[in-house]
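Pasted below: structure11.cif, mmCIF, N, CA and C atoms.
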```
data_query
#
loop_
_atom_site.label_atom_id
_atom_site.label_comp_id
_atom_site.auth_asym_id
_atom_site.auth_seq_id
_atom_site.Cartn_x
_atom_site.Cartn_y
_atom_site.Cartn_z
N MET M 431 4.68 8.03 14.03
CA MET M 431 5.40 8.68 12.95
C MET M 431 5.80 7.64 11.92
N LEU M 432 5.66 7.98 10.67
CA LEU M 432 6.02 7.07 9.58
C LEU M 432 6.87 7.82 8.57
N LYS M 433 8.10 7.39 8.41
CA LYS M 433 9.00 7.93 7.40
C LYS M 433 8.87 7.06 6.17
N ILE M 434 8.63 7.68 5.02
CA ILE M 434 8.39 6.95 3.78
C ILE M 434 9.45 7.32 2.76
N TYR M 435 10.11 6.32 2.22
CA TYR M 435 11.09 6.51 1.16
C TYR M 435 10.45 6.09 -0.16
N VAL M 436 10.41 6.99 -1.11
CA VAL M 436 9.74 6.73 -2.39
C VAL M 436 10.77 6.60 -3.49
N GLU M 437 10.56 5.56 -4.32
CA GLU M 437 11.38 5.38 -5.52
C GLU M 437 10.43 5.18 -6.69
N ASN M 438 10.57 6.03 -7.70
CA ASN M 438 9.72 5.93 -8.88
C ASN M 438 10.52 5.30 -10.02
N LEU M 439 10.22 4.03 -10.29
CA LEU M 439 10.88 3.30 -11.37
C LEU M 439 9.97 3.08 -12.56
N CYS M 440 8.76 3.65 -12.51
CA CYS M 440 7.75 3.32 -13.53
C CYS M 440 7.93 4.10 -14.83
N GLY M 441 8.74 5.13 -14.83
CA GLY M 441 8.95 5.91 -16.04
C GLY M 441 7.86 6.93 -16.31
N ALA M 442 6.82 6.93 -15.50
CA ALA M 442 5.72 7.90 -15.67
C ALA M 442 5.83 8.95 -14.58
N PRO M 443 5.59 10.21 -14.93
CA PRO M 443 5.61 11.24 -13.90
C PRO M 443 4.37 11.12 -13.01
N VAL M 444 4.59 11.06 -11.72
CA VAL M 444 3.51 11.03 -10.75
C VAL M 444 3.56 12.39 -10.05
N SER M 445 2.45 13.09 -10.05
CA SER M 445 2.44 14.45 -9.52
C SER M 445 2.80 14.46 -8.04
N ASP M 446 3.35 15.59 -7.61
CA ASP M 446 3.68 15.78 -6.19
C ASP M 446 2.42 15.65 -5.33
N TYR M 447 1.31 16.16 -5.84
CA TYR M 447 0.05 16.07 -5.10
C TYR M 447 -0.36 14.61 -4.88
N THR M 448 -0.27 13.79 -5.93
CA THR M 448 -0.63 12.38 -5.81
C THR M 448 0.32 11.67 -4.85
N LEU M 449 1.60 11.94 -4.94
CA LEU M 449 2.56 11.33 -4.01
C LEU M 449 2.28 11.74 -2.57
N ARG M 450 1.96 13.01 -2.34
CA ARG M 450 1.62 13.47 -0.99
C ARG M 450 0.38 12.75 -0.47
N LEU M 451 -0.61 12.58 -1.33
CA LEU M 451 -1.85 11.90 -0.92
C LEU M 451 -1.59 10.41 -0.65
N MET M 452 -0.73 9.79 -1.43
CA MET M 452 -0.36 8.39 -1.19
C MET M 452 0.33 8.26 0.17
N LYS M 453 1.27 9.17 0.45
CA LYS M 453 1.96 9.13 1.74
C LYS M 453 0.99 9.39 2.89
N LYS M 454 0.08 10.32 2.69
CA LYS M 454 -0.92 10.60 3.72
C LYS M 454 -1.77 9.37 4.01
N THR M 455 -2.13 8.65 2.96
CA THR M 455 -2.91 7.43 3.10
C THR M 455 -2.13 6.38 3.89
N LEU M 456 -0.86 6.20 3.56
CA LEU M 456 -0.03 5.26 4.30
C LEU M 456 0.08 5.66 5.76
N ARG M 457 0.33 6.94 6.01
CA ARG M 457 0.47 7.41 7.40
C ARG M 457 -0.82 7.22 8.19
N GLU M 458 -1.94 7.56 7.59
CA GLU M 458 -3.23 7.43 8.26
C GLU M 458 -3.51 5.96 8.60
N THR M 459 -3.22 5.09 7.67
CA THR M 459 -3.48 3.66 7.87
C THR M 459 -2.62 3.11 9.01
N VAL M 460 -1.35 3.46 9.02
CA VAL M 460 -0.44 2.94 10.04
C VAL M 460 -0.70 3.58 11.40
N SER M 461 -0.87 4.90 11.42
CA SER M 461 -1.01 5.59 12.72
C SER M 461 -2.31 5.26 13.41
N GLU M 462 -3.32 4.85 12.65
CA GLU M 462 -4.58 4.45 13.28
C GLU M 462 -4.35 3.23 14.18
N GLN M 463 -3.51 2.33 13.75
CA GLN M 463 -3.23 1.11 14.50
C GLN M 463 -2.12 1.31 15.54
N TYR M 464 -1.11 2.09 15.18
CA TYR M 464 0.07 2.28 16.03
C TYR M 464 0.43 3.76 16.11
N PRO M 465 -0.35 4.55 16.84
CA PRO M 465 -0.13 6.00 16.85
C PRO M 465 1.18 6.44 17.50
N ASP M 466 1.74 5.64 18.38
CA ASP M 466 2.94 6.05 19.10
C ASP M 466 4.22 5.41 18.59
N HIS M 467 4.13 4.60 17.56
CA HIS M 467 5.30 3.91 17.03
C HIS M 467 6.00 4.76 15.98
N LYS M 468 7.27 4.49 15.80
CA LYS M 468 8.08 5.13 14.77
C LYS M 468 8.45 4.05 13.75
N PHE M 469 7.95 4.23 12.54
CA PHE M 469 8.19 3.25 11.49
C PHE M 469 8.80 3.92 10.27
N GLU M 470 9.45 3.10 9.47
CA GLU M 470 9.91 3.49 8.15
C GLU M 470 9.37 2.45 7.17
N LEU M 471 9.07 2.89 5.96
CA LEU M 471 8.75 1.94 4.90
C LEU M 471 9.20 2.50 3.58
N SER M 472 9.42 1.59 2.65
CA SER M 472 9.76 2.02 1.30
C SER M 472 8.56 1.80 0.39
N LEU M 473 8.35 2.75 -0.49
CA LEU M 473 7.27 2.69 -1.48
C LEU M 473 7.92 2.80 -2.85
N THR M 474 7.76 1.76 -3.64
CA THR M 474 8.33 1.74 -4.97
C THR M 474 7.21 1.70 -6.00
N LEU M 475 7.23 2.62 -6.94
CA LEU M 475 6.33 2.61 -8.09
C LEU M 475 7.11 2.04 -9.26
N CYS M 476 6.53 1.05 -9.93
CA CYS M 476 7.27 0.37 -10.98
C CYS M 476 6.35 0.03 -12.14
N ASP M 477 6.89 -0.67 -13.14
CA ASP M 477 6.08 -1.12 -14.26
C ASP M 477 5.70 -2.59 -14.05
N ASN M 478 4.89 -3.11 -14.96
CA ASN M 478 4.42 -4.49 -14.83
C ASN M 478 5.54 -5.51 -14.88
N GLU M 479 6.54 -5.29 -15.71
CA GLU M 479 7.63 -6.26 -15.83
C GLU M 479 8.42 -6.36 -14.52
N TYR M 480 8.66 -5.22 -13.90
CA TYR M 480 9.41 -5.21 -12.63
C TYR M 480 8.65 -5.98 -11.55
N ILE M 481 7.35 -5.70 -11.40
CA ILE M 481 6.58 -6.36 -10.36
C ILE M 481 6.33 -7.83 -10.70
N ARG M 482 6.26 -8.16 -12.00
CA ARG M 482 6.12 -9.56 -12.41
C ARG M 482 7.32 -10.37 -11.95
N ALA M 483 8.52 -9.83 -12.14
CA ALA M 483 9.73 -10.54 -11.74
C ALA M 483 9.77 -10.76 -10.22
N ILE M 484 9.38 -9.77 -9.46
CA ILE M 484 9.36 -9.91 -8.00
C ILE M 484 8.28 -10.90 -7.57
N ASN M 485 7.12 -10.82 -8.20
CA ASN M 485 6.02 -11.73 -7.90
C ASN M 485 6.45 -13.18 -8.19
N ALA M 486 7.15 -13.39 -9.30
CA ALA M 486 7.63 -14.73 -9.65
C ALA M 486 8.66 -15.23 -8.65
N GLU M 487 9.58 -14.36 -8.27
CA GLU M 487 10.66 -14.76 -7.36
C GLU M 487 10.15 -15.06 -5.95
N TYR M 488 9.31 -14.19 -5.41
CA TYR M 488 8.93 -14.31 -3.99
C TYR M 488 7.61 -15.04 -3.76
N ARG M 489 6.74 -15.10 -4.77
CA ARG M 489 5.44 -15.75 -4.57
C ARG M 489 5.21 -16.91 -5.52
N GLY M 490 6.16 -17.11 -6.46
CA GLY M 490 6.03 -18.21 -7.39
C GLY M 490 4.92 -18.02 -8.41
N THR M 491 4.48 -16.77 -8.59
CA THR M 491 3.41 -16.45 -9.54
C THR M 491 4.00 -15.57 -10.63
N ASP M 492 4.16 -16.13 -11.83
CA ASP M 492 4.85 -15.43 -12.91
C ASP M 492 3.88 -14.58 -13.73
N ARG M 493 3.36 -13.53 -13.08
CA ARG M 493 2.48 -12.56 -13.74
C ARG M 493 2.55 -11.25 -12.96
N PRO M 494 2.23 -10.16 -13.63
CA PRO M 494 2.20 -8.89 -12.89
C PRO M 494 1.01 -8.86 -11.94
N THR M 495 1.16 -8.11 -10.89
CA THR M 495 0.09 -7.88 -9.93
C THR M 495 0.07 -6.39 -9.63
N ASP M 496 -0.95 -5.92 -8.93
CA ASP M 496 -1.03 -4.48 -8.69
C ASP M 496 -0.12 -4.01 -7.56
N VAL M 497 -0.02 -4.81 -6.50
CA VAL M 497 0.76 -4.37 -5.34
C VAL M 497 1.31 -5.58 -4.61
N LEU M 498 2.51 -5.44 -4.09
CA LEU M 498 3.11 -6.44 -3.21
C LEU M 498 3.52 -5.75 -1.92
N SER M 499 3.35 -6.45 -0.82
CA SER M 499 3.74 -5.93 0.49
C SER M 499 4.67 -6.93 1.14
N PHE M 500 5.76 -6.43 1.69
CA PHE M 500 6.72 -7.28 2.37
C PHE M 500 6.90 -6.76 3.80
N PRO M 501 6.13 -7.30 4.74
CA PRO M 501 6.18 -6.80 6.12
C PRO M 501 7.42 -7.27 6.87
N MET M 502 7.84 -6.46 7.83
CA MET M 502 8.94 -6.80 8.72
C MET M 502 8.41 -7.20 10.10
N MET M 503 7.23 -6.68 10.49
CA MET M 503 6.48 -7.08 11.68
C MET M 503 7.21 -6.93 13.01
N ASP M 504 7.68 -5.76 13.34
CA ASP M 504 8.23 -5.51 14.66
C ASP M 504 7.41 -4.40 15.29
N PHE M 505 6.46 -4.79 16.13
CA PHE M 505 5.55 -3.82 16.73
C PHE M 505 5.81 -3.62 18.22
N ASP M 506 6.86 -4.21 18.75
CA ASP M 506 7.09 -4.19 20.19
C ASP M 506 8.02 -3.09 20.66
N THR M 507 8.46 -2.23 19.76
CA THR M 507 9.42 -1.20 20.15
C THR M 507 8.95 0.19 19.72
N PRO M 508 7.94 0.75 20.39
CA PRO M 508 7.42 2.05 19.96
C PRO M 508 8.42 3.19 20.08
N GLU M 509 9.41 3.03 20.93
CA GLU M 509 10.36 4.12 21.15
C GLU M 509 11.51 4.12 20.13
N VAL M 510 11.62 3.08 19.34
CA VAL M 510 12.69 2.95 18.36
C VAL M 510 12.08 2.92 16.96
N THR M 511 12.72 3.61 16.02
CA THR M 511 12.25 3.57 14.64
C THR M 511 12.65 2.23 14.03
N VAL M 512 11.64 1.51 13.54
CA VAL M 512 11.90 0.21 12.93
C VAL M 512 11.31 0.19 11.52
N LEU M 513 11.87 -0.69 10.70
CA LEU M 513 11.39 -0.84 9.34
C LEU M 513 10.10 -1.63 9.35
N LEU M 514 9.01 -1.00 8.93
CA LEU M 514 7.72 -1.66 8.88
C LEU M 514 7.65 -2.62 7.69
N GLY M 515 8.20 -2.23 6.57
CA GLY M 515 8.21 -3.11 5.40
C GLY M 515 8.35 -2.36 4.11
N ASP M 516 8.13 -3.08 3.03
CA ASP M 516 8.25 -2.53 1.68
C ASP M 516 6.93 -2.67 0.95
N VAL M 517 6.60 -1.65 0.18
CA VAL M 517 5.41 -1.65 -0.66
C VAL M 517 5.87 -1.40 -2.09
N ILE M 518 5.42 -2.26 -3.00
CA ILE M 518 5.78 -2.10 -4.41
C ILE M 518 4.47 -2.06 -5.20
N ILE M 519 4.26 -0.99 -5.96
CA ILE M 519 3.02 -0.81 -6.72
C ILE M 519 3.35 -0.71 -8.19
N SER M 520 2.65 -1.50 -9.00
CA SER M 520 2.78 -1.38 -10.44
C SER M 520 1.92 -0.20 -10.89
N TYR M 521 2.58 0.85 -11.34
CA TYR M 521 1.86 2.03 -11.82
C TYR M 521 1.02 1.66 -13.04
N GLU M 522 1.58 0.84 -13.92
CA GLU M 522 0.84 0.40 -15.11
C GLU M 522 -0.46 -0.30 -14.73
N LYS M 523 -0.37 -1.20 -13.76
CA LYS M 523 -1.55 -1.95 -13.32
C LYS M 523 -2.54 -1.00 -12.66
N ALA M 524 -2.04 -0.04 -11.88
CA ALA M 524 -2.92 0.92 -11.21
C ALA M 524 -3.69 1.75 -12.24
N VAL M 525 -3.01 2.17 -13.31
CA VAL M 525 -3.67 2.94 -14.36
C VAL M 525 -4.77 2.10 -15.02
N ALA M 526 -4.44 0.85 -15.34
CA ALA M 526 -5.42 -0.03 -15.98
C ALA M 526 -6.62 -0.30 -15.07
N GLN M 527 -6.36 -0.52 -13.78
CA GLN M 527 -7.44 -0.79 -12.84
C GLN M 527 -8.31 0.44 -12.61
N ALA M 528 -7.70 1.61 -12.57
CA ALA M 528 -8.48 2.84 -12.41
C ALA M 528 -9.45 2.99 -13.58
N GLU M 529 -8.97 2.72 -14.77
CA GLU M 529 -9.84 2.80 -15.95
C GLU M 529 -10.95 1.75 -15.86
N GLU M 530 -10.57 0.53 -15.49
CA GLU M 530 -11.54 -0.57 -15.39
C GLU M 530 -12.62 -0.27 -14.35
N TYR M 531 -12.23 0.30 -13.21
CA TYR M 531 -13.17 0.56 -12.12
C TYR M 531 -13.85 1.92 -12.23
N GLY M 532 -13.43 2.73 -13.18
CA GLY M 532 -14.08 4.01 -13.42
C GLY M 532 -13.77 5.09 -12.39
N HIS M 533 -12.56 5.08 -11.85
CA HIS M 533 -12.17 6.17 -10.96
C HIS M 533 -10.76 6.64 -11.32
N SER M 534 -10.27 7.62 -10.60
CA SER M 534 -8.99 8.25 -10.95
C SER M 534 -7.81 7.35 -10.59
N VAL M 535 -6.70 7.60 -11.26
CA VAL M 535 -5.45 6.91 -10.95
C VAL M 535 -5.02 7.27 -9.54
N LYS M 536 -5.22 8.53 -9.17
CA LYS M 536 -4.89 8.97 -7.81
C LYS M 536 -5.63 8.14 -6.77
N ARG M 537 -6.93 7.91 -7.00
CA ARG M 537 -7.72 7.12 -6.07
C ARG M 537 -7.21 5.68 -6.02
N GLU M 538 -6.87 5.12 -7.16
CA GLU M 538 -6.39 3.73 -7.20
C GLU M 538 -5.05 3.60 -6.48
N LEU M 539 -4.15 4.56 -6.69
CA LEU M 539 -2.85 4.51 -6.01
C LEU M 539 -3.03 4.62 -4.49
N CYS M 540 -3.92 5.49 -4.05
CA CYS M 540 -4.16 5.63 -2.61
C CYS M 540 -4.81 4.38 -2.04
N PHE M 541 -5.74 3.78 -2.79
CA PHE M 541 -6.34 2.52 -2.35
C PHE M 541 -5.25 1.46 -2.19
N LEU M 542 -4.36 1.34 -3.17
CA LEU M 542 -3.30 0.34 -3.09
C LEU M 542 -2.35 0.61 -1.93
N CYS M 543 -2.11 1.89 -1.63
CA CYS M 543 -1.29 2.23 -0.46
C CYS M 543 -1.97 1.77 0.83
N CYS M 544 -3.25 2.06 0.95
CA CYS M 544 -4.01 1.65 2.13
C CYS M 544 -4.02 0.13 2.25
N HIS M 545 -4.33 -0.54 1.15
CA HIS M 545 -4.40 -1.99 1.12
C HIS M 545 -3.07 -2.61 1.56
N SER M 546 -1.98 -2.12 0.98
CA SER M 546 -0.68 -2.70 1.29
C SER M 546 -0.24 -2.38 2.72
N ALA M 547 -0.56 -1.17 3.21
CA ALA M 547 -0.21 -0.83 4.59
C ALA M 547 -0.94 -1.76 5.56
N LEU M 548 -2.19 -2.06 5.27
CA LEU M 548 -2.93 -3.00 6.12
C LEU M 548 -2.27 -4.38 6.09
N HIS M 549 -1.77 -4.80 4.94
CA HIS M 549 -1.03 -6.07 4.89
C HIS M 549 0.21 -5.99 5.78
N LEU M 550 0.92 -4.86 5.72
CA LEU M 550 2.11 -4.71 6.57
C LEU M 550 1.76 -4.79 8.05
N LEU M 551 0.55 -4.40 8.38
CA LEU M 551 0.09 -4.42 9.77
C LEU M 551 -0.54 -5.76 10.17
N GLY M 552 -0.54 -6.72 9.25
CA GLY M 552 -1.01 -8.05 9.59
C GLY M 552 -2.39 -8.41 9.07
N TYR M 553 -3.07 -7.48 8.40
CA TYR M 553 -4.38 -7.80 7.82
C TYR M 553 -4.19 -8.71 6.61
N ASP M 554 -5.20 -9.52 6.34
CA ASP M 554 -5.15 -10.41 5.20
C ASP M 554 -6.55 -10.58 4.63
N HIS M 555 -6.67 -11.27 3.52
CA HIS M 555 -7.99 -11.51 2.92
C HIS M 555 -8.06 -12.92 2.36
N GLU M 556 -7.58 -13.86 3.16
CA GLU M 556 -7.57 -15.26 2.76
C GLU M 556 -8.92 -15.95 2.89
N ASN M 557 -9.80 -15.41 3.74
CA ASN M 557 -11.14 -15.98 3.84
C ASN M 557 -12.15 -14.83 3.86
N ASP M 558 -13.43 -15.17 3.79
CA ASP M 558 -14.47 -14.15 3.67
C ASP M 558 -14.51 -13.20 4.87
N GLU M 559 -14.31 -13.73 6.07
CA GLU M 559 -14.34 -12.89 7.27
C GLU M 559 -13.18 -11.89 7.27
N GLU M 560 -11.97 -12.37 6.97
CA GLU M 560 -10.81 -11.48 6.90
C GLU M 560 -10.98 -10.44 5.79
N ARG M 561 -11.48 -10.89 4.64
CA ARG M 561 -11.69 -10.00 3.50
C ARG M 561 -12.66 -8.88 3.87
N ALA M 562 -13.78 -9.23 4.54
CA ALA M 562 -14.78 -8.24 4.93
C ALA M 562 -14.19 -7.22 5.90
N LEU M 563 -13.39 -7.69 6.85
CA LEU M 563 -12.76 -6.79 7.83
C LEU M 563 -11.79 -5.85 7.13
N MET M 564 -10.97 -6.39 6.24
CA MET M 564 -9.99 -5.57 5.54
C MET M 564 -10.66 -4.56 4.61
N GLU M 565 -11.69 -4.98 3.90
CA GLU M 565 -12.41 -4.07 3.01
C GLU M 565 -13.10 -2.96 3.78
N ALA M 566 -13.67 -3.28 4.93
CA ALA M 566 -14.31 -2.25 5.76
C ALA M 566 -13.29 -1.24 6.25
N LYS M 567 -12.12 -1.70 6.66
CA LYS M 567 -11.06 -0.81 7.16
C LYS M 567 -10.57 0.08 6.03
N GLN M 568 -10.38 -0.48 4.84
CA GLN M 568 -9.93 0.32 3.69
C GLN M 568 -10.94 1.42 3.38
N LYS M 569 -12.21 1.05 3.35
CA LYS M 569 -13.26 2.01 3.04
C LYS M 569 -13.30 3.12 4.08
N GLU M 570 -13.21 2.74 5.35
CA GLU M 570 -13.24 3.73 6.45
C GLU M 570 -12.09 4.73 6.33
N ILE M 571 -10.89 4.23 6.08
CA ILE M 571 -9.71 5.11 6.01
C ILE M 571 -9.80 6.03 4.79
N LEU M 572 -10.13 5.48 3.63
CA LEU M 572 -10.20 6.31 2.43
C LEU M 572 -11.31 7.35 2.53
N GLU M 573 -12.45 6.98 3.10
CA GLU M 573 -13.53 7.96 3.28
C GLU M 573 -13.12 9.06 4.25
N ARG M 574 -12.43 8.69 5.33
CA ARG M 574 -11.96 9.69 6.29
C ARG M 574 -11.02 10.69 5.64
N LEU M 575 -10.24 10.22 4.66
CA LEU M 575 -9.31 11.10 3.94
C LEU M 575 -9.98 11.83 2.77
N GLY M 576 -11.25 11.53 2.53
CA GLY M 576 -11.96 12.17 1.43
C GLY M 576 -11.59 11.63 0.07
N ILE M 577 -11.08 10.41 0.02
CA ILE M 577 -10.67 9.79 -1.23
C ILE M 577 -11.81 8.87 -1.66
N LYS M 578 -12.54 9.32 -2.67
CA LYS M 578 -13.74 8.60 -3.10
C LYS M 578 -13.61 8.13 -4.53
N ARG M 579 -14.46 7.19 -4.88
CA ARG M 579 -14.48 6.66 -6.25
C ARG M 579 -14.99 7.68 -7.23
#
```
Here is a file; write its structure as C-alpha cells.
Amino acid sequence: MLKIYVENLCGAPVSDYTLRLMKKTLRETVSEQYPDHKFELSLTLCDNEYIRAINAEYRGTDRPTDVLSFPMMDFDTPEVTVLLGDVIISYEKAVAQAEEYGHSVKRELCFLCCHSALHLLGYDHENDEERALMEAKQKEILERLGIKR
C-alpha cells in the first residue's frame, strides 16, 4: 500500500485524471518491488525556480531539473507504514520535455513518477549497466500501465 500526498505549487491546473495516473504509476512501481509494505510519499509539482533552489541547496547544481527524489530507505518494516521519500517534479520542465520528445505532458509526468519512484527504491543510473536496468524497468512498468509515447 502506498499513501501519496500531493502538493501542486506549479500554478498550472493538472487534471484529476493526470494526477490519478501519476499516483497509479507510483503505486505500480513501488508495489512491484514491495507488495506487502506500507509506504507514504510526498509528490510535489512545482515550477523551475522552486526546483532550481532545491537542486542548488541539496545537490550543489544551480539549475532547474525535471525531477528530484529524496529517499528515506526503510524497507525492513512491512507491517508499519514508513515514509518512503519525497518526489519533486518541475511541471514547467515536464511540459518542455514532453514537447521536445513529442509525447503528452501526461506521459512525461507519469514517466517522471516512475523514474523517481525507482530512485526511492534504490535504482540509479550512474553507469551504463545501472542505466540499462533502470530504463528497462521504467519501460516495462509504463507499458504495463498502457502509458505510451
Resolved residues for the PyMOL selection byres ((chain M and resi 569-578) around 7) as a ChimeraX atom specification: /M:458-459,533-534,537,564-568,579
Under the rule that all atoms listed in the file are counted, which of M:Thr448, M:Thr495, M:Ser461, M:Asn485 is the nearest residue to Lys523 in chain M? M:Thr495
Go through range 433-568 of chain M and collect every residue that DSSP, computed from the backbone, puts in helix (DSSP H, G or I); the answer should be as a PyMOL selection string. chain M and resi 446-463+478-489+521-531+535-550+558-568
Range 544-550 of chain M surroundings by all atoms listed in the file, 7 Å radius, close-in-sequence under 6 positions cut, as a tab-separated table (two decimals) with N, CA and C atoms, in the coordinates of the input:
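The resulting file, result11.tsv, is reproduced below:
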```tsv
chain	number	residue	atom	x	y	z
M	455	THR	N	-2.13	8.65	2.96
M	455	THR	CA	-2.91	7.43	3.10
M	455	THR	C	-2.13	6.38	3.89
M	456	LEU	N	-0.86	6.20	3.56
M	456	LEU	CA	-0.03	5.26	4.30
M	456	LEU	C	0.08	5.66	5.76
M	459	THR	N	-3.22	5.09	7.67
M	459	THR	CA	-3.48	3.66	7.87
M	459	THR	C	-2.62	3.11	9.01
M	460	VAL	N	-1.35	3.46	9.02
M	460	VAL	CA	-0.44	2.94	10.04
M	460	VAL	C	-0.70	3.58	11.40
M	497	VAL	N	-0.02	-4.81	-6.50
M	497	VAL	CA	0.76	-4.37	-5.34
M	497	VAL	C	1.31	-5.58	-4.61
M	498	LEU	N	2.51	-5.44	-4.09
M	498	LEU	CA	3.11	-6.44	-3.21
M	498	LEU	C	3.52	-5.75	-1.92
M	499	SER	N	3.35	-6.45	-0.82
M	499	SER	CA	3.74	-5.93	0.49
M	499	SER	C	4.67	-6.93	1.14
M	500	PHE	N	5.76	-6.43	1.69
M	500	PHE	CA	6.72	-7.28	2.37
M	500	PHE	C	6.90	-6.76	3.80
M	501	PRO	N	6.13	-7.30	4.74
M	501	PRO	CA	6.18	-6.80	6.12
M	501	PRO	C	7.42	-7.27	6.87
M	502	MET	N	7.84	-6.46	7.83
M	502	MET	CA	8.94	-6.80	8.72
M	502	MET	C	8.41	-7.20	10.10
M	503	MET	N	7.23	-6.68	10.49
M	503	MET	CA	6.48	-7.08	11.68
M	503	MET	C	7.21	-6.93	13.01
M	514	LEU	N	9.01	-1.00	8.93
M	514	LEU	CA	7.72	-1.66	8.88
M	514	LEU	C	7.65	-2.62	7.69
M	515	GLY	N	8.20	-2.23	6.57
M	515	GLY	CA	8.21	-3.11	5.40
M	515	GLY	C	8.35	-2.36	4.11
M	517	VAL	N	6.60	-1.65	0.18
M	517	VAL	CA	5.41	-1.65	-0.66
M	517	VAL	C	5.87	-1.40	-2.09
M	568	GLN	N	-10.38	-0.48	4.84
M	568	GLN	CA	-9.93	0.32	3.69
M	568	GLN	C	-10.94	1.42	3.38
```
Using backbone DSSP assignments, extract all strand (DSSP E or B) residues from range 433-559 of chain M; output them as a count of residues only. 30
Pick out the residues sitting within 8 Å of Ile434 in chain M, and hand them over as a PyMOL selection string; count all atoms listed in the file, and ignore anything fewer than 4 positions along from it in its own chain. chain M and resi 453+469-473
Sphere at (3.7, 7.6, -13.6), radius 8 Å, counting only C-alpha atoms: residues as an MDAnalysis selection string: chainID M and resid 438 440:444 475 521:522
Point-to-point distance in Å for CA of Gly532 in chain M and atom N of Asp516 in chain M: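 It comes out at 28.5 Å.
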Any idea what's packed within 7 Å of Glu479 in chain M, counting only C-alpha atoms, ignoring anything in its chain fewer than 3 positions away? Could you give it as a VMD selection string? chain M and resid 482 to 483 494
Report, in Å with one decimal, the straight-line distance from atom C of Leu432 in chain M to atom N of Glu538 in chain M. 21.1 Å
Write out as a PDB file with N, CA and C atoms, in the frame of the given file the residues lying within 7 Å of Glu509 in chain M, counting only N, CA and C atoms and excluding same-chain residues fewer than 2 positions away.
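Produced file part_17.pdb, reproduced below:
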```pdb
ATOM      1  N   ASP M 466       1.740   5.640  18.380  1.00  0.00           N
ATOM      2  CA  ASP M 466       2.940   6.050  19.100  1.00  0.00           C
ATOM      3  C   ASP M 466       4.220   5.410  18.590  1.00  0.00           C
ATOM      4  N   HIS M 467       4.130   4.600  17.560  1.00  0.00           N
ATOM      5  CA  HIS M 467       5.300   3.910  17.030  1.00  0.00           C
ATOM      6  C   HIS M 467       6.000   4.760  15.980  1.00  0.00           C
ATOM      7  N   LYS M 468       7.270   4.490  15.800  1.00  0.00           N
ATOM      8  CA  LYS M 468       8.080   5.130  14.770  1.00  0.00           C
ATOM      9  C   LYS M 468       8.450   4.050  13.750  1.00  0.00           C
ATOM     10  N   ASP M 506       6.860  -4.210  18.750  1.00  0.00           N
ATOM     11  CA  ASP M 506       7.090  -4.190  20.190  1.00  0.00           C
ATOM     12  C   ASP M 506       8.020  -3.090  20.660  1.00  0.00           C
ATOM     13  N   THR M 507       8.460  -2.230  19.760  1.00  0.00           N
ATOM     14  CA  THR M 507       9.420  -1.200  20.150  1.00  0.00           C
ATOM     15  C   THR M 507       8.950   0.190  19.720  1.00  0.00           C
ATOM     16  N   THR M 511      12.720   3.610  16.020  1.00  0.00           N
ATOM     17  CA  THR M 511      12.250   3.570  14.640  1.00  0.00           C
ATOM     18  C   THR M 511      12.650   2.230  14.030  1.00  0.00           C
TER      19      THR M 511
END
```
